[in-house]
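S.K.: Can you keep this structure in mind? I'll have questions shortly.
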Amino acid sequence: MSRVAEHAGAAPAPPPLRRNRDFLLLWSGSAVAIIGSTASTVAYPLLVLAVTGSPSAAGLVGFVVLLPALVFQLPAGILVDSWNRKRVMMWCDGLRAAGAASVVLALLLGELRLAHVMVVGFVEGTLTVLNGLASTAAVPNVVHPSQLSAALAGNEARGRAATMIGTPLGGILFGVGRAVPFVLETFAYLVSLATLLGIRKDFQTARPGERAGAGPAGGAAGES
């Protein structure tokens, strides 16, 4: 076979990541969600301290919000490998947006309670763990194998940058108004949900004998 024929039969090079629509949607949506989540993680203890005047209650809420990241990493990893990752992420965004909106509403009505903040913070923290693991596991299914290392490095940089932005932003916005960080959080999760709806590719490959999208939590399972 001639050298020309070999080149003609070679697979075309994948487009660069900056032109991969599905990856960019996943990357940017997660970035916005991380900023909103980090801002609220900072704002929850400040909110409780402002409402109750109790440093111990503020510390307790801060602990409850962060606890899921410590205890649910392993079981969440098992679940995102067994469930449809895209649907898991969509449910996580929708439920986190609803939780943040409920805090905003309670503040506007003057009916915010410590138990409410603790429940919302714990549930949100749990859903954030699920969402983050599902997002990372989805990457190999939206990029070419040759670009996986670069995509994962981009995800790591995105996470660190979004956290660096969200941490001071939570305090700054709380200084503007007690409800403002949670308004931002609600909007961030809705933006993330919208980007997920725009992604065409499945977030996992089907196991032999299964079609992608079948299985628990609306479907599917499968491994990347």
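Starting from 1 in every chain, residues are counted up; chains themselves are A, B, ... following the order of the structure tokens, and ligands are numbered from 1 as listed.
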Quick one: everything within 10 Å of Gly99 in chain A, counting only C-alpha atoms, minus sequence neighbours fewer than 5 positions away in the same chain. Send it as a list in words.
M.R.: Asp93, Gly94, Val104, Leu105, His116, Val117, Val119, Val120, Gly121, Val123, Glu124, Phe182, Glu185 and Thr186 of chain A
S.K.: For the selection you just gave me, I'd like the residues written to a file as an mmCIF file, in the first residue's frame, keeping all heavy atoms.
M.R.:
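Final output, again_32.cif:
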```cif
data_model
loop_
_atom_site.group_PDB
_atom_site.id
_atom_site.type_symbol
_atom_site.label_atom_id
_atom_site.label_comp_id
_atom_site.auth_asym_id
_atom_site.auth_seq_id
_atom_site.Cartn_x
_atom_site.Cartn_y
_atom_site.Cartn_z
ATOM 1 N N ASP A 93 -28.983 19.336 39.772
ATOM 2 C CA ASP A 93 -29.102 20.774 39.526
ATOM 3 C C ASP A 93 -30.502 21.281 39.857
ATOM 4 O O ASP A 93 -30.663 22.337 40.480
ATOM 5 C CB ASP A 93 -28.765 21.091 38.069
ATOM 6 C CG ASP A 93 -27.276 21.081 37.791
ATOM 7 O OD1 ASP A 93 -26.490 21.211 38.753
ATOM 8 O OD2 ASP A 93 -26.885 20.939 36.614
ATOM 9 N N GLY A 94 -31.510 20.543 39.427
ATOM 10 C CA GLY A 94 -32.876 20.973 39.694
ATOM 11 C C GLY A 94 -33.197 21.023 41.178
ATOM 12 O O GLY A 94 -33.793 21.996 41.676
ATOM 13 N N VAL A 104 -34.094 31.519 49.845
ATOM 14 C CA VAL A 104 -34.419 32.894 49.442
ATOM 15 C C VAL A 104 -35.849 33.238 49.846
ATOM 16 O O VAL A 104 -36.113 34.307 50.421
ATOM 17 C CB VAL A 104 -34.234 33.074 47.922
ATOM 18 C CG1 VAL A 104 -34.711 34.460 47.484
ATOM 19 C CG2 VAL A 104 -32.778 32.863 47.521
ATOM 20 N N LEU A 105 -36.764 32.328 49.561
ATOM 21 C CA LEU A 105 -38.173 32.573 49.892
ATOM 22 C C LEU A 105 -38.374 32.705 51.398
ATOM 23 O O LEU A 105 -39.106 33.601 51.863
ATOM 24 C CB LEU A 105 -39.031 31.425 49.345
ATOM 25 C CG LEU A 105 -40.541 31.537 49.569
ATOM 26 C CD1 LEU A 105 -41.084 32.791 48.898
ATOM 27 C CD2 LEU A 105 -41.254 30.294 49.039
ATOM 28 N N HIS A 116 -34.240 24.364 58.778
ATOM 29 C CA HIS A 116 -34.391 24.507 57.330
ATOM 30 C C HIS A 116 -33.022 24.653 56.661
ATOM 31 O O HIS A 116 -32.713 23.961 55.680
ATOM 32 C CB HIS A 116 -35.266 25.740 57.044
ATOM 33 C CG HIS A 116 -35.488 26.008 55.591
ATOM 34 N ND1 HIS A 116 -36.140 27.137 55.140
ATOM 35 C CD2 HIS A 116 -35.140 25.338 54.471
ATOM 36 C CE1 HIS A 116 -36.183 27.121 53.819
ATOM 37 N NE2 HIS A 116 -35.577 26.037 53.391
ATOM 38 N N VAL A 117 -32.197 25.530 57.194
ATOM 39 C CA VAL A 117 -30.872 25.759 56.611
ATOM 40 C C VAL A 117 -30.026 24.492 56.681
ATOM 41 O O VAL A 117 -29.325 24.142 55.728
ATOM 42 C CB VAL A 117 -30.163 26.919 57.333
ATOM 43 C CG1 VAL A 117 -28.747 27.106 56.790
ATOM 44 C CG2 VAL A 117 -30.962 28.210 57.179
ATOM 45 N N VAL A 119 -31.027 21.307 56.796
ATOM 46 C CA VAL A 119 -31.512 20.288 55.864
ATOM 47 C C VAL A 119 -31.122 20.640 54.435
ATOM 48 O O VAL A 119 -30.603 19.794 53.686
ATOM 49 C CB VAL A 119 -33.039 20.123 55.992
ATOM 50 C CG1 VAL A 119 -33.583 19.256 54.860
ATOM 51 C CG2 VAL A 119 -33.392 19.492 57.327
ATOM 52 N N VAL A 120 -31.375 21.898 54.051
ATOM 53 C CA VAL A 120 -31.043 22.319 52.691
ATOM 54 C C VAL A 120 -29.536 22.211 52.449
ATOM 55 O O VAL A 120 -29.082 21.723 51.400
ATOM 56 C CB VAL A 120 -31.522 23.757 52.428
ATOM 57 C CG1 VAL A 120 -30.979 24.273 51.087
ATOM 58 C CG2 VAL A 120 -33.047 23.808 52.413
ATOM 59 N N GLY A 121 -28.738 22.650 53.407
ATOM 60 C CA GLY A 121 -27.291 22.592 53.253
ATOM 61 C C GLY A 121 -26.773 21.168 53.132
ATOM 62 O O GLY A 121 -25.895 20.887 52.301
ATOM 63 N N VAL A 123 -28.522 18.428 52.158
ATOM 64 C CA VAL A 123 -28.988 17.840 50.896
ATOM 65 C C VAL A 123 -28.195 18.410 49.731
ATOM 66 O O VAL A 123 -27.779 17.672 48.820
ATOM 67 C CB VAL A 123 -30.498 18.097 50.710
ATOM 68 C CG1 VAL A 123 -30.947 17.684 49.311
ATOM 69 C CG2 VAL A 123 -31.291 17.324 51.763
ATOM 70 N N GLU A 124 -27.976 19.713 49.752
ATOM 71 C CA GLU A 124 -27.214 20.328 48.675
ATOM 72 C C GLU A 124 -25.792 19.771 48.619
ATOM 73 O O GLU A 124 -25.252 19.486 47.540
ATOM 74 C CB GLU A 124 -27.160 21.838 48.850
ATOM 75 C CG GLU A 124 -26.384 22.539 47.743
ATOM 76 C CD GLU A 124 -26.135 24.004 48.042
ATOM 77 O OE1 GLU A 124 -26.935 24.606 48.779
ATOM 78 O OE2 GLU A 124 -25.125 24.522 47.542
ATOM 79 N N PHE A 182 -27.723 33.271 47.646
ATOM 80 C CA PHE A 182 -28.598 32.142 47.332
ATOM 81 C C PHE A 182 -29.398 32.389 46.049
ATOM 82 O O PHE A 182 -29.799 31.446 45.379
ATOM 83 C CB PHE A 182 -29.502 31.863 48.536
ATOM 84 C CG PHE A 182 -28.712 31.668 49.799
ATOM 85 C CD1 PHE A 182 -28.592 32.694 50.726
ATOM 86 C CD2 PHE A 182 -28.036 30.478 50.025
ATOM 87 C CE1 PHE A 182 -27.832 32.530 51.869
ATOM 88 C CE2 PHE A 182 -27.265 30.306 51.162
ATOM 89 C CZ PHE A 182 -27.158 31.333 52.092
ATOM 90 N N GLU A 185 -26.831 31.380 43.602
ATOM 91 C CA GLU A 185 -26.749 29.918 43.600
ATOM 92 C C GLU A 185 -27.886 29.305 42.785
ATOM 93 O O GLU A 185 -27.663 28.401 41.964
ATOM 94 C CB GLU A 185 -26.787 29.407 45.035
ATOM 95 C CG GLU A 185 -26.661 27.906 45.145
ATOM 96 C CD GLU A 185 -26.844 27.425 46.561
ATOM 97 O OE1 GLU A 185 -27.450 28.158 47.375
ATOM 98 O OE2 GLU A 185 -26.409 26.299 46.862
ATOM 99 N N THR A 186 -29.098 29.801 43.001
ATOM 100 C CA THR A 186 -30.239 29.296 42.244
ATOM 101 C C THR A 186 -30.028 29.492 40.748
ATOM 102 O O THR A 186 -30.236 28.571 39.943
ATOM 103 C CB THR A 186 -31.529 30.031 42.674
ATOM 104 O OG1 THR A 186 -31.713 29.876 44.088
ATOM 105 C CG2 THR A 186 -32.742 29.458 41.947
#
```
S.K.: Show which residues sit within 10 Å of Ile172 in chain A, as a ChimeraX atom specification. Count only C-alpha atoms, and ignore same-chain residues fewer than 6 positions away.
M.R.: /A:39,43,166,180-181
S.K.: Can you write out as JSON lines which residues of range 88-162 of chain A fall within 12 Å of range 199-205 of chain A, alongside each residue's closest atom pair and its distance in Å to one decimal, counting only C-alpha atoms and ordering rows by chain and ascending residue number?
M.R.:
```
{"residue": "A:Val88", "atom": "CA", "partner": "A:Phe203", "partner_atom": "CA", "distance": 10.5}
{"residue": "A:Met89", "atom": "CA", "partner": "A:Phe203", "partner_atom": "CA", "distance": 10.3}
{"residue": "A:Met90", "atom": "CA", "partner": "A:Ile199", "partner_atom": "CA", "distance": 11.5}
{"residue": "A:Leu133", "atom": "CA", "partner": "A:Phe203", "partner_atom": "CA", "distance": 11.9}
{"residue": "A:Ala134", "atom": "CA", "partner": "A:Phe203", "partner_atom": "CA", "distance": 8.5}
{"residue": "A:Ser135", "atom": "CA", "partner": "A:Phe203", "partner_atom": "CA", "distance": 8.5}
{"residue": "A:Thr136", "atom": "CA", "partner": "A:Phe203", "partner_atom": "CA", "distance": 9.9}
{"residue": "A:Ala137", "atom": "CA", "partner": "A:Phe203", "partner_atom": "CA", "distance": 7.7}
{"residue": "A:Ala138", "atom": "CA", "partner": "A:Phe203", "partner_atom": "CA", "distance": 4.6}
{"residue": "A:Val139", "atom": "CA", "partner": "A:Phe203", "partner_atom": "CA", "distance": 7.5}
{"residue": "A:Pro140", "atom": "CA", "partner": "A:Phe203", "partner_atom": "CA", "distance": 8.2}
{"residue": "A:Asn141", "atom": "CA", "partner": "A:Phe203", "partner_atom": "CA", "distance": 5.5}
{"residue": "A:Val142", "atom": "CA", "partner": "A:Lys201", "partner_atom": "CA", "distance": 6.5}
{"residue": "A:Val143", "atom": "CA", "partner": "A:Lys201", "partner_atom": "CA", "distance": 9.9}
```
S.K.: Listing only residues of range 150-180 of chain A within 12 Å of range 17-25 of chain A, what is the closest atom pair and its distance in Å (to one decimal) for each, using only C-alpha atoms, sorted by chain and residue number ascending, as CSV?
M.R.:
```
residue,atom,partner,partner_atom,distance
A:Ala150,CA,A:Leu17,CA,8.4
A:Ala151,CA,A:Leu17,CA,7.4
A:Leu152,CA,A:Phe23,CA,10.8
A:Ala153,CA,A:Leu17,CA,11.8
A:Gly154,CA,A:Leu17,CA,9.7
A:Asn155,CA,A:Phe23,CA,10.1
A:Arg158,CA,A:Leu24,CA,11.5
```
S.K.: Report as an MDAnalysis selection string: the residues of range 14-223 of chain A with a DSSP assignment of alpha helix (DSSP H), based on the backbone of this structure.
M.R.: chainID A and resid 21:52 55:71 73:82 85:109 114:138 148:176 180:197
S.K.: Between A:Trp91, A:Leu79, A:Pro145, A:Leu173, which residue has the minimum interatomic distance to Ala194 in chain A, considering only C-alpha atoms?
M.R.: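 Closest residue, counting only C-alpha atoms: A:Trp91.
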S.K.: Just want the 10 Å neighbourhood of Leu193 in chain A, counted on only C-alpha atoms, with same-chain residues fewer than 3 positions away dropped. Output as a list in words.
M.R.: Leu26, Gly29, Ser30, Ala33, Lys86, Met89, Met90, Trp91, Cys92, Asp93, Gly94, Ala97, Phe187, Ala188, Tyr189, Leu190, Leu196, Leu197 and Gly198 of chain A
S.K.: For the selection just defined, write its residues with N, CA and C atoms to a file, as a PDB file, in the first residue's frame.
M.R.:
```pdb
ATOM      1  N   LEU A  26     -20.462  21.071  29.064  1.00  0.00           N
ATOM      2  CA  LEU A  26     -20.269  20.387  30.344  1.00  0.00           C
ATOM      3  C   LEU A  26     -19.306  21.167  31.226  1.00  0.00           C
ATOM      4  N   GLY A  29     -20.928  24.740  32.270  1.00  0.00           N
ATOM      5  CA  GLY A  29     -22.042  24.582  33.195  1.00  0.00           C
ATOM      6  C   GLY A  29     -21.569  24.184  34.581  1.00  0.00           C
ATOM      7  N   SER A  30     -20.611  23.262  34.630  1.00  0.00           N
ATOM      8  CA  SER A  30     -20.071  22.847  35.923  1.00  0.00           C
ATOM      9  C   SER A  30     -19.320  23.989  36.599  1.00  0.00           C
ATOM     10  N   ALA A  33     -21.851  26.240  38.209  1.00  0.00           N
ATOM     11  CA  ALA A  33     -22.436  25.572  39.376  1.00  0.00           C
ATOM     12  C   ALA A  33     -21.475  25.563  40.553  1.00  0.00           C
ATOM     13  N   LYS A  86     -26.178  11.675  33.100  1.00  0.00           N
ATOM     14  CA  LYS A  86     -26.757  12.954  32.692  1.00  0.00           C
ATOM     15  C   LYS A  86     -28.022  13.249  33.498  1.00  0.00           C
ATOM     16  N   MET A  89     -27.141  14.283  37.025  1.00  0.00           N
ATOM     17  CA  MET A  89     -26.696  15.675  37.090  1.00  0.00           C
ATOM     18  C   MET A  89     -27.862  16.645  36.936  1.00  0.00           C
ATOM     19  N   MET A  90     -28.799  16.319  36.068  1.00  0.00           N
ATOM     20  CA  MET A  90     -29.954  17.190  35.883  1.00  0.00           C
ATOM     21  C   MET A  90     -30.818  17.238  37.142  1.00  0.00           C
ATOM     22  N   TRP A  91     -31.039  16.081  37.746  1.00  0.00           N
ATOM     23  CA  TRP A  91     -31.800  16.046  39.001  1.00  0.00           C
ATOM     24  C   TRP A  91     -31.066  16.814  40.097  1.00  0.00           C
ATOM     25  N   CYS A  92     -29.754  16.634  40.170  1.00  0.00           N
ATOM     26  CA  CYS A  92     -28.968  17.348  41.176  1.00  0.00           C
ATOM     27  C   CYS A  92     -29.103  18.857  41.005  1.00  0.00           C
ATOM     28  N   ASP A  93     -28.983  19.336  39.772  1.00  0.00           N
ATOM     29  CA  ASP A  93     -29.102  20.774  39.526  1.00  0.00           C
ATOM     30  C   ASP A  93     -30.502  21.281  39.857  1.00  0.00           C
ATOM     31  N   GLY A  94     -31.510  20.543  39.427  1.00  0.00           N
ATOM     32  CA  GLY A  94     -32.876  20.973  39.694  1.00  0.00           C
ATOM     33  C   GLY A  94     -33.197  21.023  41.178  1.00  0.00           C
ATOM     34  N   ALA A  97     -31.230  23.831  42.927  1.00  0.00           N
ATOM     35  CA  ALA A  97     -31.855  25.130  42.642  1.00  0.00           C
ATOM     36  C   ALA A  97     -33.096  25.327  43.500  1.00  0.00           C
ATOM     37  N   PHE A 187     -29.594  30.682  40.368  1.00  0.00           N
ATOM     38  CA  PHE A 187     -29.337  30.979  38.959  1.00  0.00           C
ATOM     39  C   PHE A 187     -28.232  30.083  38.395  1.00  0.00           C
ATOM     40  N   ALA A 188     -27.171  29.860  39.182  1.00  0.00           N
ATOM     41  CA  ALA A 188     -26.043  29.041  38.722  1.00  0.00           C
ATOM     42  C   ALA A 188     -26.486  27.618  38.412  1.00  0.00           C
ATOM     43  N   TYR A 189     -27.326  27.054  39.264  1.00  0.00           N
ATOM     44  CA  TYR A 189     -27.776  25.681  39.021  1.00  0.00           C
ATOM     45  C   TYR A 189     -28.711  25.600  37.817  1.00  0.00           C
ATOM     46  N   LEU A 190     -29.490  26.632  37.604  1.00  0.00           N
ATOM     47  CA  LEU A 190     -30.365  26.645  36.430  1.00  0.00           C
ATOM     48  C   LEU A 190     -29.541  26.769  35.145  1.00  0.00           C
ATOM     49  N   LEU A 196     -26.671  21.196  30.400  1.00  0.00           N
ATOM     50  CA  LEU A 196     -26.847  19.743  30.297  1.00  0.00           C
ATOM     51  C   LEU A 196     -27.904  19.392  29.252  1.00  0.00           C
ATOM     52  N   LEU A 197     -28.956  20.164  29.211  1.00  0.00           N
ATOM     53  CA  LEU A 197     -30.018  19.910  28.227  1.00  0.00           C
ATOM     54  C   LEU A 197     -29.509  20.094  26.797  1.00  0.00           C
ATOM     55  N   GLY A 198     -28.452  20.891  26.636  1.00  0.00           N
ATOM     56  CA  GLY A 198     -27.912  21.133  25.307  1.00  0.00           C
ATOM     57  C   GLY A 198     -26.876  20.122  24.850  1.00  0.00           C
TER      58      GLY A 198
END
```
S.K.: Considering only C-alpha atoms, return as a ChimeraX atom specification whatever protein or nucleic-acid residues lie within 8 Å of Thr167 in chain A, sequence-local ones (same chain, fewer than 2 positions apart) excluded.
M.R.: /A:35,38-39,42,163-165,169-171
S.K.: Could you name the residues that touch Thr52 in chain A at 12 Å or less, counting only C-alpha atoms, but leaving out those on the same chain fewer than 2 positions away, as a list in words?
M.R.: Pro45, Leu46, Leu47, Val48, Leu49, Ala50, Ser54, Pro55, Ser56, Ala57, Ala58, Gly59, Val61, Leu112, Arg113, Leu114, Ala115 and Val117 of chain A
S.K.: Between A:Gly132, A:Gly36, A:Pro15, A:Gly53, single out the one closest to Arg85 in chain A, counting only C-alpha atoms.
M.R.: A:Gly132
S.K.: Could you tell me how far CA of Ala162 in chain A sits from CA of Val103 in chain A, in Å to one decimal place?
M.R.: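 Computed distance, CA of Val103 in chain A to CA of Ala162 in chain A, equals 22.5 Å.
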S.K.: Near range 68-73 of chain A, within 8 Å and counting only C-alpha atoms, which residues show up once chain neighbours fewer than 6 positions away are dropped, as an NGL selection string?
M.R.: :A and (122 or 125-126 or 129-130)
S.K.: For Ser102 in chain A, which of A:Asn84, A:Val183, A:Ala157, A:Leu127 is the closest residue, counting only C-alpha atoms?
M.R.: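 Closest candidate: A:Val183.
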S.K.: So how many Å separate CA of Trp83 in chain A and CA of Ser192 in chain A, to one decimal?
M.R.: 19.2 Å
